[in-house]
file query01.cif (mmCIF, C-alpha atoms and all ligand atoms)
data_model
loop_
_atom_site.label_atom_id
_atom_site.label_comp_id
_atom_site.auth_asym_id
_atom_site.auth_seq_id
_atom_site.Cartn_x
_atom_site.Cartn_y
_atom_site.Cartn_z
CA MET L 1 -93.94 46.62 73.34
CA ALA L 2 -96.88 44.22 73.53
CA ARG L 3 -97.87 42.19 70.49
CA VAL L 4 -100.27 44.10 68.25
CA TYR L 5 -103.12 42.88 66.07
CA ASN L 6 -101.50 42.81 62.66
CA PHE L 7 -103.96 43.04 59.73
CA SER L 8 -101.23 42.76 57.09
CA ALA L 9 -102.11 40.99 53.82
CA GLY L 10 -98.79 39.17 53.88
CA PRO L 11 -96.41 38.39 55.37
CA ALA L 12 -99.14 38.14 57.96
CA SER L 13 -99.77 37.20 61.58
CA LEU L 14 -98.69 33.77 62.69
CA PRO L 15 -100.42 31.90 65.52
CA GLU L 16 -98.80 32.94 68.79
CA PRO L 17 -98.52 29.33 70.07
CA VAL L 18 -96.58 28.48 66.89
CA LEU L 19 -94.15 31.35 67.43
CA LYS L 20 -93.64 30.27 71.03
CA LYS L 21 -93.06 26.66 70.08
CA ALA L 22 -90.55 27.75 67.42
CA ALA L 23 -88.81 29.96 69.98
CA SER L 24 -88.52 27.04 72.39
CA GLU L 25 -86.87 24.93 69.68
CA LEU L 26 -84.90 27.69 67.98
CA VAL L 27 -81.47 26.90 69.37
CA GLU L 28 -81.82 23.14 69.79
CA TYR L 29 -84.36 21.10 67.89
CA PRO L 30 -85.26 18.07 70.05
CA ASN L 31 -82.65 15.30 69.83
CA ALA L 32 -80.72 17.15 67.14
CA GLY L 33 -78.41 19.37 69.17
CA MET L 34 -78.78 22.14 66.61
CA SER L 35 -81.27 24.57 65.15
CA VAL L 36 -83.46 23.51 62.23
CA MET L 37 -81.73 26.37 60.37
CA GLU L 38 -78.39 24.62 60.74
CA MET L 39 -79.54 21.19 59.74
CA SER L 40 -78.73 19.39 56.51
CA HIS L 41 -81.83 19.00 54.39
CA ARG L 42 -80.67 15.40 53.88
CA SER L 43 -80.59 14.68 57.62
CA LYS L 44 -83.01 12.24 59.27
CA ALA L 45 -84.34 15.05 61.46
CA PHE L 46 -85.20 17.28 58.50
CA GLU L 47 -86.63 14.43 56.49
CA GLY L 48 -88.90 13.84 59.48
CA ILE L 49 -89.97 17.49 59.41
CA ILE L 50 -90.76 17.67 55.69
CA SER L 51 -92.56 14.33 55.63
CA SER L 52 -94.67 15.31 58.65
CA ALA L 53 -95.48 18.65 57.00
CA GLU L 54 -96.70 16.82 53.90
CA ALA L 55 -98.68 14.22 55.88
CA LEU L 56 -100.36 16.92 57.97
CA LEU L 57 -101.29 18.99 54.92
CA ARG L 58 -102.70 15.88 53.22
CA GLU L 59 -104.76 15.11 56.30
CA LEU L 60 -105.99 18.70 56.80
CA MET L 61 -107.01 19.23 53.17
CA ASN L 62 -108.04 15.63 52.57
CA ILE L 63 -105.74 15.52 49.54
CA PRO L 64 -106.44 12.44 47.38
CA ALA L 65 -103.58 9.97 46.86
CA GLN L 66 -103.21 10.81 43.17
CA TYR L 67 -102.12 14.34 44.02
CA LYS L 68 -98.50 15.33 44.67
CA VAL L 69 -97.60 17.90 47.32
CA LEU L 70 -94.55 20.09 46.69
CA PHE L 71 -92.72 22.63 48.85
CA LEU L 72 -91.03 25.01 46.40
CA GLN L 73 -89.36 28.41 46.29
CA GLY L 74 -89.96 31.47 44.14
CA GLY L 75 -93.23 32.52 45.73
CA ALA L 76 -96.68 32.24 44.23
CA SER L 77 -95.35 34.54 41.49
CA LEU L 78 -93.05 31.85 40.11
CA GLN L 79 -96.11 29.64 39.66
CA PHE L 80 -97.37 32.18 37.12
CA SER L 81 -94.54 30.82 34.92
CA MET L 82 -94.37 27.22 36.12
CA VAL L 83 -98.05 26.60 35.38
CA PRO L 84 -97.81 27.41 31.65
CA LEU L 85 -94.38 25.82 31.21
CA ASN L 86 -95.65 22.55 32.69
CA LEU L 87 -99.26 22.50 31.55
CA PHE L 88 -99.08 23.75 27.94
CA SER L 89 -98.67 20.21 26.68
CA LYS L 90 -101.25 19.82 23.89
CA SER L 91 -103.28 22.71 22.44
CA LYS L 92 -101.17 25.40 24.17
CA LYS L 93 -104.41 27.23 24.93
CA ALA L 94 -105.59 28.39 28.35
CA ASP L 95 -108.79 30.02 29.64
CA PHE L 96 -108.47 32.73 32.29
CA VAL L 97 -110.95 34.61 34.46
CA HIS L 98 -109.52 38.06 35.14
CA THR L 99 -110.42 39.13 38.67
CA GLY L 100 -107.72 41.47 39.89
CA GLU L 101 -104.11 42.44 40.34
CA TRP L 102 -102.94 38.85 40.77
CA THR L 103 -104.49 37.58 37.53
CA LYS L 104 -103.13 40.72 35.88
CA LYS L 105 -99.67 39.48 36.80
CA ALA L 106 -100.34 35.84 35.87
CA ILE L 107 -101.86 36.43 32.41
CA PRO L 108 -98.75 37.86 30.66
CA GLU L 109 -96.63 34.95 31.92
CA SER L 110 -98.95 32.39 30.32
CA LYS L 111 -99.08 34.49 27.14
CA LYS L 112 -95.33 34.01 26.70
CA TYR L 113 -95.81 30.31 26.00
CA GLY L 114 -99.29 29.88 24.52
CA THR L 115 -102.66 31.39 23.68
CA VAL L 116 -104.60 32.97 26.51
CA ASN L 117 -108.33 33.42 26.24
CA ILE L 118 -109.75 35.84 28.80
CA LEU L 119 -113.24 34.47 29.28
CA ALA L 120 -114.48 37.20 31.59
CA SER L 121 -113.17 40.15 33.54
CA SER L 122 -114.42 42.28 36.42
CA GLU L 123 -112.11 45.18 35.58
CA ASP L 124 -115.13 47.33 34.60
CA LYS L 125 -116.02 47.68 38.29
CA LYS L 126 -112.52 47.79 39.74
CA PHE L 127 -112.54 44.03 40.25
CA SER L 128 -115.17 44.31 43.00
CA TYR L 129 -116.96 41.13 41.91
CA ILE L 130 -116.43 37.70 40.38
CA PRO L 131 -117.83 37.63 36.83
CA LYS L 132 -120.57 35.17 35.88
CA LEU L 133 -119.33 32.62 33.39
CA ASP L 134 -120.99 31.18 30.31
CA LYS L 135 -119.89 27.58 29.89
CA SER L 136 -120.47 27.69 26.14
CA THR L 137 -117.53 30.13 25.87
CA PHE L 138 -115.02 27.78 27.55
CA THR L 139 -112.28 26.46 25.25
CA PRO L 140 -113.03 22.71 25.07
CA ASP L 141 -109.43 21.69 24.30
CA ALA L 142 -107.70 24.16 26.64
CA ASP L 143 -104.69 22.77 28.50
CA TYR L 144 -105.88 24.51 31.66
CA PHE L 145 -108.43 26.92 33.10
CA TYR L 146 -106.95 29.49 35.49
CA ILE L 147 -108.52 31.37 38.39
CA CYS L 148 -107.37 33.30 41.44
CA SER L 149 -109.79 31.83 43.97
CA ASN L 150 -109.40 34.61 46.56
CA ASN L 151 -108.38 38.07 45.43
CA THR L 152 -106.23 39.45 48.21
CA ILE L 153 -106.23 43.07 47.11
CA GLU L 154 -109.87 43.46 46.07
CA GLY L 155 -111.36 41.20 48.76
CA THR L 156 -113.38 38.89 46.52
CA ARG L 157 -113.68 35.13 46.42
CA TYR L 158 -115.43 32.49 44.36
CA ALA L 159 -118.52 31.18 46.11
CA LYS L 160 -118.68 28.44 43.47
CA TYR L 161 -115.88 27.19 41.25
CA PRO L 162 -116.23 26.96 37.46
CA GLU L 163 -117.09 23.48 36.21
CA THR L 164 -114.38 22.85 33.66
CA GLY L 165 -114.99 19.18 32.86
CA ASN L 166 -111.82 17.55 31.52
CA VAL L 167 -109.88 20.81 31.48
CA PRO L 168 -107.72 21.03 34.62
CA LEU L 169 -108.72 23.90 36.90
CA VAL L 170 -105.69 25.79 38.24
CA ALA L 171 -106.22 27.96 41.32
CA ASP L 172 -104.00 30.55 42.93
CA MET L 173 -105.18 30.00 46.53
CA SER L 174 -102.40 32.04 48.13
CA SER L 175 -104.67 34.11 50.33
CA HIS L 176 -107.26 31.57 51.46
CA ILE L 177 -105.78 28.09 51.42
CA LEU L 178 -106.66 26.26 54.67
CA SER L 179 -109.33 28.85 55.54
CA GLU L 180 -112.38 26.81 54.57
CA VAL L 181 -113.18 23.27 53.48
CA MET L 182 -112.33 22.75 49.81
CA ASP L 183 -112.61 19.73 47.55
CA VAL L 184 -109.09 19.28 46.19
CA SER L 185 -110.38 16.85 43.55
CA THR L 186 -112.09 19.79 41.78
CA PHE L 187 -108.65 21.14 40.85
CA GLY L 188 -105.76 20.12 38.63
CA VAL L 189 -103.29 22.40 40.37
CA ILE L 190 -103.56 24.44 43.56
CA PHE L 191 -100.73 26.73 44.58
CA ALA L 192 -100.17 29.15 47.45
CA GLY L 193 -97.36 31.30 48.76
CA ALA L 194 -96.94 30.55 52.45
CA GLN L 195 -96.90 33.99 54.00
CA LYS L 196 -100.62 34.24 54.76
CA ASN L 197 -102.14 30.99 56.03
CA ILE L 198 -99.21 28.56 55.90
CA GLY L 199 -96.18 30.10 57.56
CA PRO L 200 -93.39 32.57 56.94
CA ALA L 201 -92.41 33.67 53.42
CA GLY L 202 -89.98 31.46 51.53
CA VAL L 203 -91.96 28.36 50.72
CA THR L 204 -94.72 27.87 48.17
CA VAL L 205 -97.07 24.92 48.36
CA VAL L 206 -98.10 23.25 45.11
CA ILE L 207 -100.71 20.49 45.01
CA ILE L 208 -100.81 18.88 41.59
CA ARG L 209 -102.70 15.98 40.06
CA GLU L 210 -100.23 13.25 39.14
CA ASP L 211 -101.20 13.02 35.47
CA LEU L 212 -100.27 16.69 34.94
CA VAL L 213 -96.65 16.07 35.95
CA GLY L 214 -94.00 15.12 33.38
CA LYS L 215 -95.39 16.92 30.34
CA ALA L 216 -93.46 20.17 30.55
CA MET L 217 -92.43 22.11 27.44
CA ASP L 218 -88.91 21.30 26.20
CA ILE L 219 -87.64 24.76 27.07
CA THR L 220 -88.59 24.36 30.75
CA PRO L 221 -85.59 24.88 33.04
CA THR L 222 -84.97 21.87 35.28
CA MET L 223 -85.78 23.83 38.43
CA LEU L 224 -89.13 24.95 36.97
CA ASN L 225 -90.25 21.48 36.01
CA TYR L 226 -92.70 19.98 38.51
CA ALA L 227 -91.34 16.53 37.61
CA THR L 228 -87.93 17.47 39.05
CA HIS L 229 -89.43 18.18 42.45
CA VAL L 230 -91.92 15.31 42.41
CA LYS L 231 -89.10 12.85 41.71
CA ASP L 232 -87.04 14.06 44.67
CA ASN L 233 -89.89 14.82 47.12
CA SER L 234 -89.07 18.56 47.10
CA LEU L 235 -85.43 17.75 47.95
CA PHE L 236 -83.86 18.14 44.49
CA ASN L 237 -81.90 21.07 45.88
CA THR L 238 -81.83 22.82 49.26
CA PRO L 239 -85.43 23.68 50.11
CA PRO L 240 -86.43 26.57 52.40
CA THR L 241 -85.94 24.37 55.43
CA TYR L 242 -86.94 26.74 58.22
CA SER L 243 -90.10 27.90 56.41
CA ILE L 244 -91.11 24.26 55.91
CA TYR L 245 -90.53 23.59 59.62
CA MET L 246 -92.71 26.59 60.51
CA ALA L 247 -95.40 25.40 58.11
CA LYS L 248 -95.37 22.05 59.90
CA LEU L 249 -95.96 23.83 63.22
CA VAL L 250 -98.83 25.80 61.70
CA PHE L 251 -100.39 22.58 60.37
CA GLU L 252 -100.08 21.00 63.83
CA TRP L 253 -101.74 24.05 65.39
CA LEU L 254 -104.57 23.87 62.86
CA LYS L 255 -105.08 20.16 63.45
CA GLU L 256 -105.22 20.68 67.19
CA LEU L 257 -107.82 23.40 66.77
CA GLY L 258 -110.13 20.91 65.01
CA GLY L 259 -108.85 21.12 61.44
CA ILE L 260 -110.28 23.12 58.58
CA PRO L 261 -114.00 22.67 59.46
CA ALA L 262 -113.38 24.27 62.87
CA MET L 263 -111.20 26.97 61.32
CA GLU L 264 -113.90 27.75 58.75
CA GLU L 265 -116.46 28.30 61.53
CA ILE L 266 -114.13 30.71 63.31
CA ASN L 267 -113.30 32.50 60.05
CA LYS L 268 -117.00 32.95 59.23
CA LYS L 269 -117.65 34.32 62.71
CA LYS L 270 -114.79 36.80 62.37
CA ALA L 271 -115.76 37.92 58.85
CA ASN L 272 -119.47 38.22 59.74
CA LEU L 273 -118.67 40.44 62.69
CA LEU L 274 -116.86 42.89 60.45
CA TYR L 275 -119.23 42.69 57.45
CA ASP L 276 -122.34 43.02 59.64
CA PHE L 277 -120.86 46.14 61.15
CA LEU L 278 -119.91 47.56 57.71
CA ASP L 279 -123.39 46.92 56.31
CA GLN L 280 -125.11 49.06 58.90
CA SER L 281 -122.40 51.69 59.34
CA PRO L 282 -123.20 55.24 58.23
CA LEU L 283 -119.46 55.91 57.86
CA PHE L 284 -117.65 52.78 56.65
CA LYS L 285 -118.59 50.83 53.50
CA SER L 286 -117.53 47.57 51.89
CA PRO L 287 -117.01 47.97 48.13
CA VAL L 288 -117.77 44.26 47.53
CA PRO L 289 -121.33 42.91 47.05
CA LYS L 290 -122.26 40.20 49.55
CA GLU L 291 -122.07 37.15 47.29
CA TYR L 292 -118.44 37.75 46.34
CA ARG L 293 -116.97 38.65 49.70
CA SER L 294 -113.71 37.14 50.90
CA LEU L 295 -113.53 35.67 54.38
CA MET L 296 -109.86 36.64 54.58
CA ASN L 297 -109.35 40.09 53.06
CA ILE L 298 -111.90 42.77 53.85
CA PRO L 299 -111.45 46.16 52.19
CA PHE L 300 -113.50 49.12 53.44
CA VAL L 301 -113.63 52.88 52.90
CA THR L 302 -115.14 56.01 54.41
CA GLY L 303 -115.29 57.74 51.02
CA ASN L 304 -113.01 60.50 52.35
CA GLU L 305 -109.28 59.97 51.91
CA GLU L 306 -108.33 62.29 54.75
CA LEU L 307 -110.63 60.44 57.13
CA ASP L 308 -109.22 57.10 55.95
CA LYS L 309 -105.72 58.32 56.81
CA LYS L 310 -106.86 59.55 60.22
CA PHE L 311 -108.52 56.20 60.91
CA ILE L 312 -105.40 54.23 59.97
CA ALA L 313 -103.18 56.45 62.16
CA GLU L 314 -105.50 56.30 65.19
CA ALA L 315 -106.09 52.56 64.84
CA SER L 316 -102.35 52.02 64.84
CA LYS L 317 -102.07 53.82 68.18
CA GLN L 318 -104.55 51.28 69.56
CA GLY L 319 -102.39 48.35 68.45
CA LEU L 320 -104.47 47.68 65.30
CA VAL L 321 -101.81 47.86 62.61
CA THR L 322 -101.27 47.49 58.85
CA LEU L 323 -104.81 48.50 57.94
CA SER L 324 -103.97 50.53 54.80
CA GLY L 325 -105.60 49.29 51.62
CA HIS L 326 -103.34 48.16 48.80
CA ARG L 327 -101.70 51.10 47.00
CA SER L 328 -103.78 50.34 43.88
CA VAL L 329 -107.14 50.69 45.66
CA GLY L 330 -106.58 52.93 48.71
CA GLY L 331 -108.89 53.00 51.73
CA MET L 332 -108.48 50.30 54.35
CA ARG L 333 -108.15 46.54 54.29
CA ALA L 334 -108.28 44.14 57.20
CA SER L 335 -106.68 40.81 56.38
CA ILE L 336 -108.05 38.39 58.91
CA TYR L 337 -106.27 35.16 58.10
CA ASN L 338 -106.46 32.00 60.21
CA ALA L 339 -104.01 33.31 62.80
CA MET L 340 -106.01 36.48 63.52
CA PRO L 341 -107.95 35.75 66.69
CA PHE L 342 -111.65 36.65 67.03
CA GLU L 343 -110.63 39.15 69.74
CA GLY L 344 -108.53 41.05 67.17
CA VAL L 345 -111.53 41.54 64.88
CA LYS L 346 -113.73 42.44 67.88
CA LYS L 347 -111.22 45.08 68.95
CA LEU L 348 -111.14 46.47 65.40
CA VAL L 349 -114.94 46.68 65.17
CA ASP L 350 -115.17 48.30 68.61
CA PHE L 351 -112.60 50.85 67.53
CA MET L 352 -114.48 51.51 64.26
CA LYS L 353 -117.67 52.15 66.28
CA LYS L 354 -115.85 54.63 68.48
CA PHE L 355 -114.22 56.36 65.50
CA GLU L 356 -117.59 56.60 63.78
CA MET L 357 -119.15 58.30 66.84
CA GLU L 358 -116.27 60.77 67.08
CA ASN L 359 -116.24 61.62 63.37
CA LYS L 360 -119.91 62.11 62.55
C1 LIG B 401 -103.42 35.83 45.43
C2 LIG B 401 -101.95 36.08 45.38
N1 LIG B 401 -101.23 35.54 44.39
C3 LIG B 401 -99.90 35.72 44.31
C4 LIG B 401 -99.23 36.47 45.23
C5 LIG B 401 -97.74 36.65 45.10
O1 LIG B 401 -97.12 35.90 46.04
P1 LIG B 401 -95.52 35.90 46.22
O2 LIG B 401 -95.16 37.22 46.80
O3 LIG B 401 -95.31 34.74 47.14
O4 LIG B 401 -94.92 35.69 44.88
C6 LIG B 401 -99.93 37.05 46.30
C7 LIG B 401 -99.21 37.85 47.30
O5 LIG B 401 -99.75 38.59 48.08
C8 LIG B 401 -101.33 36.86 46.36
O6 LIG B 401 -102.05 37.41 47.35
#
call {"tool": "encode", "arguments": {"input": "query01.cif", "output": "structure tokens"}}
result
Amino acid sequence: MARVYNFSAGPASLPEPVLKKAASELVEYPNAGMSVMEMSHRSKAFEGIISSAEALLRELMNIPAQYKVLFLQGGASLQFSMVPLNLFSKSKKADFVHTGEWTKKAIPESKKYGTVNILASSEDKKFSYIPKLDKSTFTPDADYFYICSNNTIEGTRYAKYPETGNVPLVADMSSHILSEVMDVSTFGVIFAGAQKNIGPAGVTVVIIREDLVGKAMDITPTMLNYATHVKDNSLFNTPPTYSIYMAKLVFEWLKELGGIPAMEEINKKKANLLYDFLDQSPLFKSPVPKEYRSLMNIPFVTGNEELDKKFIAEASKQGLVTLSGHRSVGGMRASIYNAMPFEGVKKLVDFMKKFEMENK
């Protein structure tokens, strides 16, 4: 079977050149005589891999020196607990903007350890927008201000980040890290599960401003304390070695392509192709107003569940797979992460045009 265009929200497509490179090194990593999977995480070869991965990520995202980069386990979901355990250090208050299923999961975890103030929510319209914020309502002495910067399920993203002054801004960037140029210095903590734009599942990237490390609550388990992992450069215990190696290959691929500015151009071209089609289509609609639209996750509907099902089934036969919307919202969703080529989106739009003609 030929490779398909996989529109999965995660685990998602990986760049084909990365998969081929990994295949060529699968059995014997150069000069190591063994697979990366078989290597000690304390070996010179693996230390080379993890330090290159960090250096490449720093270069790609232009990460300032006073930020630490960690490769952790537990998925983005574990960060829902690690953030409060490590950041509730003074007032034990946090501001949240509630924008979808992923903040719905993060909020109760923070509530276990402190006071959560939900500043604004877009739940009234099924999370189809990013709420406007009134600065005068921000908690001045909050320990952190939490957002999900790209909402994978609902297909929304912040066009502009909240200005939180001295309160560290924490962003769950799982579904759009590395997709567009971002100013890391705006944030106190950035975290992202790998399985969309970084690599295979198993590793979670955390980028944290140095001064926020080392102030964890007393009850924090050693493994959940950022300081533990900062001290040992993510080698306190056995890290997800193969996922880190794959992430390094993805970072190399991205650098070769021209880095994040070049990737952003391609991502905008891909997203515009699909959104422009949706905006003039008599059949398909985007539920998200223009100013809040994600470049990565694009939900769409026909308004008829039976027709949605037919579309998904027929698309799949054309090698356009995993187009079902999340079970909580239905319809369709095309996740077009960095590794999705322009041709994949073109093929999808061409197929949508054909389907529209045949189902008038
Ligand atoms: C925005 C966002 N946050 C968190 C998660 C959870 O990630 P994980 O499965 O790595 O815990 C996801 C997964 O899809 C996500 O899209």
call {"tool": "closest_atom_pairs", "arguments": {"input": "query01.cif", "of": "chain L", "to": "ligand LIG 401 (chain B)", "cutoff": "10 Å", "atoms": "all atoms listed in the file", "output": "tab-separated table"}}
result
residue	atom	partner	partner_atom	distance
L:Ala9	CA	B:LIG401	O5	6.7
L:Gly10	CA	B:LIG401	O5	5.9
L:Pro11	CA	B:LIG401	O5	8.0
L:Ala12	CA	B:LIG401	O5	9.9
L:Gln73	CA	B:LIG401	O3	8.7
L:Gly74	CA	B:LIG401	O4	6.6
L:Gly75	CA	B:LIG401	O3	3.4
L:Ala76	CA	B:LIG401	O4	3.9
L:Ser77	CA	B:LIG401	O4	3.6
L:Leu78	CA	B:LIG401	O4	6.4
L:Gln79	CA	B:LIG401	O4	8.1
L:Phe80	CA	B:LIG401	C3	8.4
L:Gly100	CA	B:LIG401	C1	9.0
L:Glu101	CA	B:LIG401	C1	8.4
L:Trp102	CA	B:LIG401	N1	5.2
L:Thr103	CA	B:LIG401	N1	7.9
L:Lys105	CA	B:LIG401	C3	8.4
L:Ala106	CA	B:LIG401	C3	8.5
L:Ile147	CA	B:LIG401	C1	9.8
L:Cys148	CA	B:LIG401	C1	6.2
L:Ser149	CA	B:LIG401	C1	7.7
L:Asn150	CA	B:LIG401	C1	6.2
L:Asn151	CA	B:LIG401	C1	5.4
L:Thr152	CA	B:LIG401	O6	4.7
L:Ile153	CA	B:LIG401	O6	7.0
L:Glu154	CA	B:LIG401	O6	10.0
L:Ala171	CA	B:LIG401	C1	9.3
L:Asp172	CA	B:LIG401	C1	5.9
L:Met173	CA	B:LIG401	C1	6.2
L:Ser174	CA	B:LIG401	C1	4.8
L:Ser175	CA	B:LIG401	O6	5.2
L:His176	CA	B:LIG401	C1	8.3
L:Phe191	CA	B:LIG401	N1	8.8
L:Ala192	CA	B:LIG401	N1	7.2
L:Gly193	CA	B:LIG401	O3	4.3
L:Ala194	CA	B:LIG401	O3	7.0
L:Gln195	CA	B:LIG401	O3	7.1
L:Lys196	CA	B:LIG401	O5	8.0
L:Ala201	CA	B:LIG401	O3	7.0
L:Gly202	CA	B:LIG401	O3	7.6
L:Val203	CA	B:LIG401	O3	8.0
L:Thr204	CA	B:LIG401	O3	7.0
L:Asn297	CA	B:LIG401	O6	9.6
call {"tool": "closest_residue", "arguments": {"input": "query01.cif", "among": "L:Glu305, L:Glu180, L:Asp279, L:Glu47", "to": "L:Pro239", "atoms": "all atoms listed in the file"}}
result
L:Glu47
call {"tool": "closest_residue", "arguments": {"input": "query01.cif", "among": "L:Glu163, L:Asp134, L:Glu306, L:Pro17", "to": "L:Leu257", "atoms": "only C-alpha atoms"}}
result
L:Pro17
call {"tool": "residues_around", "arguments": {"input": "query01.cif", "residues": "L:Glu356", "least_positions_apart": "6", "cutoff": "9 Å", "atoms": "only C-alpha atoms", "output": "mmCIF file with C-alpha atoms, keeping the file's coordinate frame"}}
result
data_model
loop_
_atom_site.group_PDB
_atom_site.id
_atom_site.type_symbol
_atom_site.label_atom_id
_atom_site.label_comp_id
_atom_site.auth_asym_id
_atom_site.auth_seq_id
_atom_site.Cartn_x
_atom_site.Cartn_y
_atom_site.Cartn_z
ATOM 1 C CA SER L 281 -122.400 51.690 59.340
ATOM 2 C CA PRO L 282 -123.200 55.240 58.230
ATOM 3 C CA LEU L 283 -119.460 55.910 57.860
ATOM 4 C CA PHE L 284 -117.650 52.780 56.650
#
call {"tool": "closest_residue", "arguments": {"input": "query01.cif", "among": "L:Asn166, L:Ser234, L:Asn359, L:Asn304", "to": "L:Lys68", "atoms": "only C-alpha atoms"}}
result
L:Ser234
call {"tool": "residues_around", "arguments": {"input": "query01.cif", "residues": "stretch 24-31 of chain L", "least_positions_apart": "3", "cutoff": "12 Å", "atoms": "only C-alpha atoms", "output": "number ranges by chain"}}
result
L: 17-21, 34-39, 44-46, 48-49, 242, 245-246, 249
call {"tool": "closest_residue", "arguments": {"input": "query01.cif", "among": "L:Ala271, L:Leu119, L:Ile244, L:Leu278", "to": "L:His41", "atoms": "all atoms listed in the file"}}
result
L:Ile244
call {"tool": "closest_atom_pairs", "arguments": {"input": "query01.cif", "of": "stretch 220-289 of chain L", "to": "stretch 86-92 of chain L", "cutoff": "12 Å", "atoms": "all atoms listed in the file", "output": "tab-separated table"}}
result
residue	atom	partner	partner_atom	distance
L:Thr220	CA	L:Asn86	CA	7.5
L:Pro221	CA	L:Asn86	CA	10.3
L:Thr222	CA	L:Asn86	CA	11.0
L:Met223	CA	L:Asn86	CA	11.5
L:Leu224	CA	L:Asn86	CA	8.2
L:Asn225	CA	L:Asn86	CA	6.4
L:Tyr226	CA	L:Asn86	CA	7.0
L:Ala227	CA	L:Asn86	CA	8.9
L:Thr228	CA	L:Asn86	CA	11.2
call {"tool": "closest_residue", "arguments": {"input": "query01.cif", "among": "L:Met296, L:Ala142, L:Ala313, L:Val97", "to": "L:Lys270", "atoms": "all atoms listed in the file"}}
result
L:Met296
call {"tool": "atom_distance", "arguments": {"input": "query01.cif", "atom1": "atom CA of L:Leu70", "atom2": "atom CA of L:Ile208"}}
result
8.2 Å
call {"tool": "residues_near_point", "arguments": {"input": "query01.cif", "point": "(-115.7, 31.3, 35.3)", "cutoff": "7 Å", "atoms": "only C-alpha atoms", "output": "CSV table (one decimal) with C-alpha atoms, in the frame of the given file"}}
result
chain,number,residue,atom,x,y,z
L,97,VAL,CA,-111.0,34.6,34.5
L,131,PRO,CA,-117.8,37.6,36.8
L,132,LYS,CA,-120.6,35.2,35.9
L,133,LEU,CA,-119.3,32.6,33.4
L,162,PRO,CA,-116.2,27.0,37.5
call {"tool": "atom_distance", "arguments": {"input": "query01.cif", "atom1": "atom CA of L:Ile312", "atom2": "atom CA of L:Met332"}}
result
7.5 Å
call {"tool": "closest_residue", "arguments": {"input": "query01.cif", "among": "L:Asn197, L:Ser185, L:Ser8, L:Ser51", "to": "L:Trp253", "atoms": "all atoms listed in the file"}}
result
L:Asn197
call {"tool": "residues_around", "arguments": {"input": "query01.cif", "residues": "L:Asn267", "least_positions_apart": "2", "cutoff": "12 Å", "atoms": "only C-alpha atoms", "output": "compact mmCIF listing (two decimals) with C-alpha atoms, in the frame of the given file"}}
result
# COMPACT_ATOMS: atom_id res chain seq x y z
CA HIS L 176 -107.26 31.57 51.46
CA LEU L 178 -106.66 26.26 54.67
CA SER L 179 -109.33 28.85 55.54
CA GLU L 180 -112.38 26.81 54.57
CA VAL L 181 -113.18 23.27 53.48
CA ASN L 197 -102.14 30.99 56.03
CA ILE L 260 -110.28 23.12 58.58
CA PRO L 261 -114.00 22.67 59.46
CA ALA L 262 -113.38 24.27 62.87
CA MET L 263 -111.20 26.97 61.32
CA GLU L 264 -113.90 27.75 58.75
CA GLU L 265 -116.46 28.30 61.53
CA LYS L 269 -117.65 34.32 62.71
CA LYS L 270 -114.79 36.80 62.37
CA ALA L 271 -115.76 37.92 58.85
CA ASN L 272 -119.47 38.22 59.74
CA LEU L 273 -118.67 40.44 62.69
CA LEU L 274 -116.86 42.89 60.45
CA SER L 294 -113.71 37.14 50.90
CA LEU L 295 -113.53 35.67 54.38
CA MET L 296 -109.86 36.64 54.58
CA ASN L 297 -109.35 40.09 53.06
CA SER L 335 -106.68 40.81 56.38
CA ILE L 336 -108.05 38.39 58.91
CA TYR L 337 -106.27 35.16 58.10
CA ASN L 338 -106.46 32.00 60.21
CA ALA L 339 -104.01 33.31 62.80
CA MET L 340 -106.01 36.48 63.52
CA PRO L 341 -107.95 35.75 66.69
CA PHE L 342 -111.65 36.65 67.03
CA VAL L 345 -111.53 41.54 64.88
call {"tool": "atom_distance", "arguments": {"input": "query01.cif", "atom1": "atom CA of L:Val321", "atom2": "atom CA of L:Asn6"}}
result
5.1 Å
call {"tool": "decode", "arguments": {"input": "query01.cif", "residues": "stretch 339-346 of chain L", "atoms": "N, CA and C atoms", "output": "mmCIF file, in the first residue's frame"}}
result
data_model
loop_
_atom_site.group_PDB
_atom_site.id
_atom_site.type_symbol
_atom_site.label_atom_id
_atom_site.label_comp_id
_atom_site.auth_asym_id
_atom_site.auth_seq_id
_atom_site.Cartn_x
_atom_site.Cartn_y
_atom_site.Cartn_z
ATOM 1 N N ALA L 339 4.491 18.489 8.840
ATOM 2 C CA ALA L 339 4.898 17.402 7.940
ATOM 3 C C ALA L 339 3.909 17.151 6.808
ATOM 4 N N MET L 340 2.725 17.763 6.886
ATOM 5 C CA MET L 340 1.751 17.569 5.784
ATOM 6 C C MET L 340 2.192 18.409 4.590
ATOM 7 N N PRO L 341 2.501 17.766 3.469
ATOM 8 C CA PRO L 341 2.943 18.571 2.326
ATOM 9 C C PRO L 341 1.798 19.373 1.694
ATOM 10 N N PHE L 342 2.144 20.430 0.992
ATOM 11 C CA PHE L 342 1.145 21.249 0.288
ATOM 12 C C PHE L 342 0.288 20.358 -0.620
ATOM 13 N N GLU L 343 0.947 19.394 -1.266
ATOM 14 C CA GLU L 343 0.225 18.509 -2.211
ATOM 15 C C GLU L 343 -0.903 17.746 -1.508
ATOM 16 N N GLY L 344 -0.711 17.424 -0.228
ATOM 17 C CA GLY L 344 -1.743 16.700 0.529
ATOM 18 C C GLY L 344 -2.984 17.570 0.692
ATOM 19 N N VAL L 345 -2.773 18.845 0.993
ATOM 20 C CA VAL L 345 -3.906 19.755 1.187
ATOM 21 C C VAL L 345 -4.580 20.015 -0.163
ATOM 22 N N LYS L 346 -3.768 20.129 -1.208
ATOM 23 C CA LYS L 346 -4.294 20.346 -2.572
ATOM 24 C C LYS L 346 -5.189 19.161 -2.964
#
